Structures are given as C-alpha cells and as structure tokens.
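Engineer: Attaching a single structure in structure tokens format; questions to follow.
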Amino acid sequence: MADPTPQDRFSVVIVGGGAAGITIAAQLKRQRPNLSVAIIEPSTTHAYQPGWTLVGAGVMTLAETLRQEGGLIPKDVTWLRDSAVSFEPDANTVTLASGRVVEYRRLVVCPGLQLDWDKIEGLPETLGRNGVTSNYSRETAAYTWECIRHLDGGKALFTQPPMPIKCAGAPQKIVYLASDHWRKEGSLHRTEVDFSIAGDALFGVSYFVPSLQRQIDFYGINLHKKENLIKVDGEKREATFQIVGTDETVVRKFDMLHVVPPQSAPDFVKKSPLANTGGWLDVDPSSLRHVKYDTVFGAGDVLGTSNAKTAAAAREQAPVVVTNVLASLDGRPQTGAYDGYGACPLTVAYGKVVLAEFLYGGKVAPSFPYDQRKPSRFAWLLKTEVFPRLYWQGMLKGHDVKVKHNVKESP
Ligand SMILES: Cc1cc2nc3c(=O)[nH]c(=O)nc-3n(C[C@H](O)[C@H](O)[C@H](O)COP(=O)(O)OP(=O)(O)OC[C@H]3O[C@@H](n4cnc5c(N)ncnc54)[C@H](O)[C@@H]3O)c2cc1C
C-alpha cells in the first residue's frame with residue numbers, strides 16, 4: 001500500500017457525497033471554514049430520491065430530482081471523484097479504487113446502502129421492460145408511470161422485501177397512488193391490485209397501521225403478508241414468491257410488477273473492520289461514533305442503528321455528527337445526541353399524505369398540531385413542494401433545518 005502524500009491528508013474525510021455526506025460537509029465548513037475536508041464520491045449526479053415516488057406517479061419529472069454533484073459539494077471542500085474500496089481504521093486511512101490512499105484525522109462514513117437486484121432471479125434481465133419496474137432506480141422510476149398510465153384493467157403486483165430498506169413506506173406509497181389513478185380513470189374495478197410484503201406488518205410503527213389499513217380496504221388491495229419475491233419471468237409475466245419461513249412458493253401472473261429490491265450495506269463496508277455482524281456500520285445509536293474506532297463516525301442509510309433509513313433521518317443526524325466530530329478534534333466531550341428521528345410521508349392518494357414521524361422505539365413524534373394519521377392536503381404540499389426545496393436550499397447547503405417535534409408515547 002502506498003503512503004498518503006500531503007495532498008491526501010485531510011482533517012475530515014467523508015465517504016459518500018449523498019444526502020448525508022453533502023449536508024455534513026456543508027455544516028462543517030459553515031462552522032469551521034478553515035477545516036480541510038474531502039468528500040470521496042464517484043458519481044457526477046446527485047439524486048433527490050424521495051422525489052422518485054412522485055416521478056413514478058407522474059407528479060414530478062426525473063430531471064427535477066437530479067443535480068450535478070459538482071454544484072452541490074461546498075466550496076473549499078476537496079472532491080475526490082473515486083470510490084472508497086477499503087478502510088484501514090488503525091492507520092486512519094481509506095483506500096480508493098484508483099489505489100490512492102487518503103489519510104484522515106476524523107472519518108465520516110455515509111455511502112448509503114446497496115440495492116441487491118440480483119438476489120431476485122431473472123429481475124436484472126427484465127427490469128425496465130415487460131411491465132417490470134421500480135421506483136428504487138433512477139433508470140426505471142419514470143417507467144413506473146408508463147406502466148401505471150397504460151394499464152387499463154388487469155393484474156398489478158407490488159412487492160416489499162425484508163427489512164431494513166430505505167424509506168420503508170415507499171413500497172406502499174406507489175400502491176396507493178397507482179390505485180388512486182386507476183380509481184379516477186374508472187378502471188380500478190377491473191384491476192386486481194396485490195401488495196406482497198415479506199414481513200407481517202403493513203408499517204413498522206403500529207400507531208399508523210389502522211390508518212394505512214383503511215387505505216388498503218378503500219382501494220380493495222389484496223394484502224399478502226410473509227410473501228417474499230424470489231423470481232421474475234418477464235416474458236411469461238410471472239412472479240414467484242416464497243412464503244416466509246416455509247419451502248412453499250406461490251406464482252402470480254401480472255400485467256405490471258413494481259419491485260422493491262432487497263437491500264444491504266455496501267459490500268466494501270460489509271467486509272471492513274467497521275461493520276457489525278449484519279454488515280452495517282457499527283456506531284453508537286446516540287453519538288453516531290463508531291463503537292470501536294474513536295476517529296470514525298457515520299450517518300445515513302449505512303448505519304446499523306434501528307431508525308428508519310430516510311433523508312429526514314440523515315437531516316437530523318448531520319448536526320449530531322458535526323458537533324461530535326468537531327468536539328473530538330478539539331478534545332472536548334461528545335454532546336451531540338441523535339434521538340432516532342425518521343419521517344415517512346405516505347402518499348395515500350393524489351393530494352393526500354399521512355405524515356409518519358417517529359423516534360427510536362417507534363415513539364411517535366409529530367411536528368404539527370393535528371392528528372398526522374389523518375390523510376391531509378397540507379402534508380401533500382409538504383411532500384411535493386416544501387420538502388424538495390428544504391432539501392436543495394436548506395439541508396444540502398448546511399443550514400440548520402432541524403424540525404421541532406413533540407414526542408408522544410405510542411398507544
Ligand atoms: C423511492 C424512494 C423513496 C424515498 N422516499 C423518502 C421520503 O419520502 N422521505 C425521506 O426522508 N427519505 C426517502 N427516501 C430515502 C432517502 O433517499 C435516503 O434515506 C437518503 O438518500 C439516505 O442518504 P445517504 O446519504 O445515506 O445515502 P445516499 O443519498 O444514497 O448517498 C450515498 C452516496 O454514497 C455514494 N457511494 C456509494 N458507494 C461509494 C463508495 N464506495 N465510495 C464513495 N462513495 C460511495 C453514492 O454514489 C451516493 O452518492 C426514499 C428513497 C427511495 C429510493
């Protein structure tokens with residue numbers, strides 16, 4: 001391994017210039033303009049992924065969700081356009097795909113998670129064709145809308161893999177929007193809509209489940225619990241599900257199939273000394289500092305913590321990481337504490353959203369003074385108008401956009 005040159009030494013190195021990485025870099029530079037910060041990020045385009053639900057429903061264009069990475073990385077932050085391939089935490093270095101070795105005083109790991117498309121037999125070959133689509137890929141989010149728009153009765157299947165996944169509500173958001181579209185077109189009564197979930201709960205926070213179950217009943221959606229998609233035959237338009245915990249399978253025909261792929265920590269994190277037994281980044285759930293390596297911190301979807309993997313979580317984690325990274329550089333105590341906040345705006349119809357906000361342990365944490373289980377037009381405006389602006393103009397620019405939420409115990 002080559003030794004890092006002085007140009008490859010930084011006070012803070014951030015792996016991943018996504019929602020979490022850009023926000024943390026921007027906040028670090030706002031608080032300490034002279035700090036030397038580098039972001040390792042291979043991609044030239046950044047995506048506002050929460051917008052892909054709306055792209056799949058014909059409400060937003062894909063272009064509106066994309067920006068050039070170079071325009072988002074804060075001024076005076078060094079962009080290393082490369083991928084991290086390994087961590088050497090005992091030497092305080094990261095090795096890049098090019099072989100370059102980068103040295104840090106503090107490391108922030110936030111490369112998101114990995115979409116395991118190939119864990120479903122036949123899926124990579126047919127994704128984006130034969131009515132097989134997914135909002136989880138920038139290549140196919142717009143194709144979801146094509147499929148929905150062109151379906152005039154028939155069989156529509158939607159799937160949800162085992163947890164954890166990013167935005168656990170996204171698999172069902174598109175079920176409701178598609179059903180609402182067909183309802184308005186007058187074709188819902190000729191469309192059989194199936195939603196197969198690998199788990200046995202419609203949503204992880206039970207407080208919101210009755211409200212979501214009402215949507216399932218209203219649209220007449222067939223909810224199949226403990227059904228995990230394992231194989232897709234695009235030509236024959238057949239999807240095979242395993243009944244979880246058994247050897248049994250069930251084959252369902254489809255005219256359109258919306259797939260959410262299984263998800264895991266990125267392979268280079270899984271095989272690193274930074275991973276927990278499940279492969280995720282092993283940090284303290286409150287300080288977000290690595291449990292073993294004091295110079296390493298993490299944020300976003302890669303964490304092995306029990307919060308919902310959402311951009312909203314990354315937004316609340318960023319100031320905690322920044323506070324604790326700066327404190328540790330200064331030799332001060334760690335005072336930043338993350339409470340597990342995550343949010344999921346569930347689009348239950350065009351113009352209506354159930355806004356789920358919660359903390360570690362499923363504690364409900366609403367930001368607004370109304371019953372957020374009720375589908376609301378206000379929350380739809382937040383989702384479609386306010387949140388995207390808050391993301392681009394506030395969060396990624398390093399402004400403090402922390403939402404004040406009131407905690408109440410789940411009944
Ligand atoms: C369909 C969909 C709907 C969603 N809806 C919502 C929603 O309504 N609300 C919400 O809050 N969240 C939502 N999310 C989740 C949200 O987008 C993610 O939780 C958020 O983007 C996580 O931020 P992150 O920085 O951890 O990961 P990302 O934003 O994915 O960024 C990770 C970055 O790391 C880079 N990277 C990967 N590997 C390497 C490597 N080896 N070296 C260096 N860099 C690397 C990637 O190129 C990427 O730029 C949704 C996601 C999807 C897909």
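Labels used: A, B, ... for chains in the order of the structure tokens, numbers from 1 for residues in each chain, and numbers from 1 for ligands as shown.
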Select the residues contacting ligand 1 at a distance of at most 7 Å, based on only C-alpha atoms and all ligand atoms, then format the selection as a PyMOL selection string.
Structural biologist: chain A and resi 15-21+40-43+46+48-53+82-85+110-113+135-137+166-167+170+266+268+299-302+309-314+343-345
Engineer: Take the residues from that selection and write them out as a PDB file, in the first residue's frame, keeping C-alpha atoms.
Structural biologist:
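Output below, filename selection-v8.pdb:
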ATOM      1  CA  VAL A  15     -17.075   8.710   2.240  1.00  0.00           C
ATOM      2  CA  GLY A  16     -20.192   9.266   0.094  1.00  0.00           C
ATOM      3  CA  GLY A  17     -21.453  12.608  -1.207  1.00  0.00           C
ATOM      4  CA  GLY A  18     -25.153  11.801  -0.935  1.00  0.00           C
ATOM      5  CA  ALA A  19     -27.860  13.319   1.270  1.00  0.00           C
ATOM      6  CA  ALA A  20     -25.865  12.789   4.468  1.00  0.00           C
ATOM      7  CA  GLY A  21     -22.362  13.467   3.108  1.00  0.00           C
ATOM      8  CA  ILE A  40     -14.993  10.723  -1.754  1.00  0.00           C
ATOM      9  CA  GLU A  41     -17.826  10.326  -4.270  1.00  0.00           C
ATOM     10  CA  PRO A  42     -17.713   8.581  -7.660  1.00  0.00           C
ATOM     11  CA  SER A  43     -20.997   9.853  -9.110  1.00  0.00           C
ATOM     12  CA  HIS A  46     -26.879  13.530  -7.165  1.00  0.00           C
ATOM     13  CA  TYR A  48     -33.256  13.574  -4.525  1.00  0.00           C
ATOM     14  CA  GLN A  49     -34.540  10.026  -4.105  1.00  0.00           C
ATOM     15  CA  PRO A  50     -37.705  10.921  -2.127  1.00  0.00           C
ATOM     16  CA  GLY A  51     -38.882  12.513  -5.398  1.00  0.00           C
ATOM     17  CA  TRP A  52     -38.846   9.163  -7.205  1.00  0.00           C
ATOM     18  CA  THR A  53     -42.204   8.158  -5.686  1.00  0.00           C
ATOM     19  CA  ASP A  82     -13.424   7.976  -6.888  1.00  0.00           C
ATOM     20  CA  SER A  83     -14.892   5.101  -4.871  1.00  0.00           C
ATOM     21  CA  ALA A  84     -13.675   4.006  -1.464  1.00  0.00           C
ATOM     22  CA  VAL A  85     -12.809   0.299  -1.526  1.00  0.00           C
ATOM     23  CA  CYS A 110     -22.021   7.653   4.621  1.00  0.00           C
ATOM     24  CA  PRO A 111     -22.094   5.710   1.329  1.00  0.00           C
ATOM     25  CA  GLY A 112     -25.797   4.816   1.655  1.00  0.00           C
ATOM     26  CA  LEU A 113     -26.898   1.232   1.108  1.00  0.00           C
ATOM     27  CA  ASN A 135     -39.148   3.482  -8.108  1.00  0.00           C
ATOM     28  CA  TYR A 136     -35.895   2.489  -6.401  1.00  0.00           C
ATOM     29  CA  SER A 137     -33.865   3.072  -9.567  1.00  0.00           C
ATOM     30  CA  LYS A 166     -34.570   2.771   2.773  1.00  0.00           C
ATOM     31  CA  CYS A 167     -37.861   4.571   3.211  1.00  0.00           C
ATOM     32  CA  ALA A 170     -42.064   3.816  -0.270  1.00  0.00           C
ATOM     33  CA  PRO A 266     -22.436  -1.753   0.600  1.00  0.00           C
ATOM     34  CA  PHE A 268     -16.953  -2.735   0.929  1.00  0.00           C
ATOM     35  CA  ALA A 299     -24.598   8.853   9.061  1.00  0.00           C
ATOM     36  CA  GLY A 300     -27.419   7.916   6.689  1.00  0.00           C
ATOM     37  CA  ASP A 301     -28.605   4.589   5.357  1.00  0.00           C
ATOM     38  CA  VAL A 302     -25.361   2.700   6.086  1.00  0.00           C
ATOM     39  CA  LYS A 309     -33.472   4.884   6.818  1.00  0.00           C
ATOM     40  CA  THR A 310     -34.691   8.196   5.397  1.00  0.00           C
ATOM     41  CA  ALA A 311     -33.312  11.530   4.196  1.00  0.00           C
ATOM     42  CA  ALA A 312     -35.214  13.024   7.131  1.00  0.00           C
ATOM     43  CA  ALA A 313     -33.085  10.874   9.457  1.00  0.00           C
ATOM     44  CA  ALA A 314     -29.889  11.966   7.680  1.00  0.00           C
ATOM     45  CA  ALA A 343     -40.109  10.540   8.811  1.00  0.00           C
ATOM     46  CA  CYS A 344     -42.178   8.955   6.124  1.00  0.00           C
ATOM     47  CA  PRO A 345     -44.751  10.950   4.157  1.00  0.00           C
TER      48      PRO A 345
END
Engineer: Kindly assemble as a Markdown table a list of the segment 28-95 of chain A residues that lie within 9 Å of segment 172-177 of chain A, each paired with its nearest atom pair and their distance in Å to one decimal, using only C-alpha atoms, sorted first by chain and then by ascending residue number.
Structural biologist:
| residue | atom | partner | partner_atom | distance |
| --- | --- | --- | --- | --- |
| A:Thr53 | CA | A:Ile174 | CA | 6.4 |
| A:Leu54 | CA | A:Ile174 | CA | 8.5 |
| A:Gly56 | CA | A:Ile174 | CA | 7.3 |
| A:Ala57 | CA | A:Leu177 | CA | 6.4 |
Engineer: Give me a file of those residues, with N, CA and C atoms, as a CSV table (one decimal), in the first residue's frame.
Structural biologist:
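Heads up, here's the output in part-v1.csv:
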chain,number,residue,atom,x,y,z
A,53,THR,N,-40.8,8.6,-5.8
A,53,THR,CA,-42.2,8.2,-5.7
A,53,THR,C,-43.1,9.0,-6.6
A,54,LEU,N,-42.8,10.3,-6.6
A,54,LEU,CA,-43.6,11.3,-7.4
A,54,LEU,C,-43.4,11.1,-8.9
A,56,GLY,N,-42.6,8.3,-10.3
A,56,GLY,CA,-43.4,7.0,-10.6
A,56,GLY,C,-44.8,7.2,-10.7
A,57,ALA,N,-45.3,8.3,-10.1
A,57,ALA,CA,-46.8,8.6,-10.1
A,57,ALA,C,-47.1,9.8,-11.1
Engineer: If we count only C-alpha atoms, what is near Arg252 of chain A at a cut-off of 7 Å, once residues fewer than 5 positions away on the same chain are taken out, given as a list in words?
Structural biologist: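 Residues near the query, excluding close chain neighbours: Glu238, Ala239 and Thr240 of chain A.
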Engineer: Keeping N, CA and C atoms for every residue in the selection just given, could you write it to a file as a JSON list (two decimals), in the first residue's frame?
Structural biologist:
[["chain", "number", "residue", "atom", "x", "y", "z"],
["A", 238, "GLU", "N", -44.67, -13.61, -14.95],
["A", 238, "GLU", "CA", -44.95, -14.39, -13.74],
["A", 238, "GLU", "C", -43.96, -14.00, -12.64],
["A", 239, "ALA", "N", -44.47, -13.86, -11.44],
["A", 239, "ALA", "CA", -43.61, -13.56, -10.29],
["A", 239, "ALA", "C", -43.76, -14.70, -9.28],
["A", 240, "THR", "N", -42.61, -15.16, -8.77],
["A", 240, "THR", "CA", -42.65, -16.26, -7.79],
["A", 240, "THR", "C", -42.29, -15.72, -6.41]]
Engineer: Measuring between only C-alpha atoms, which one of A:Tyr293, A:Trp182, A:Tyr370, A:Phe203 shows the shortest distance to Leu346 of chain A?
Structural biologist: A:Phe203
Engineer: Would you mind telling me which residue in A:Pro161, A:Gly234, A:Gly394, A:Gly204 lies nearest to Ser306 of chain A when using only C-alpha atoms?
Structural biologist: A:Gly204
Engineer: Considering only C-alpha atoms, tabulate each residue of segment 45-150 of chain A that lies at most 12 Å from segment 183-187 of chain A along with its nearest interatomic pair and the corresponding distance in Å to one decimal; arrange the rows by chain and ascending residue number and present them as CSV.
Structural biologist:
residue,atom,partner,partner_atom,distance
A:Ile148,CA,A:Glu185,CA,10.9
A:Arg149,CA,A:Glu185,CA,9.4
A:His150,CA,A:Glu185,CA,11.0
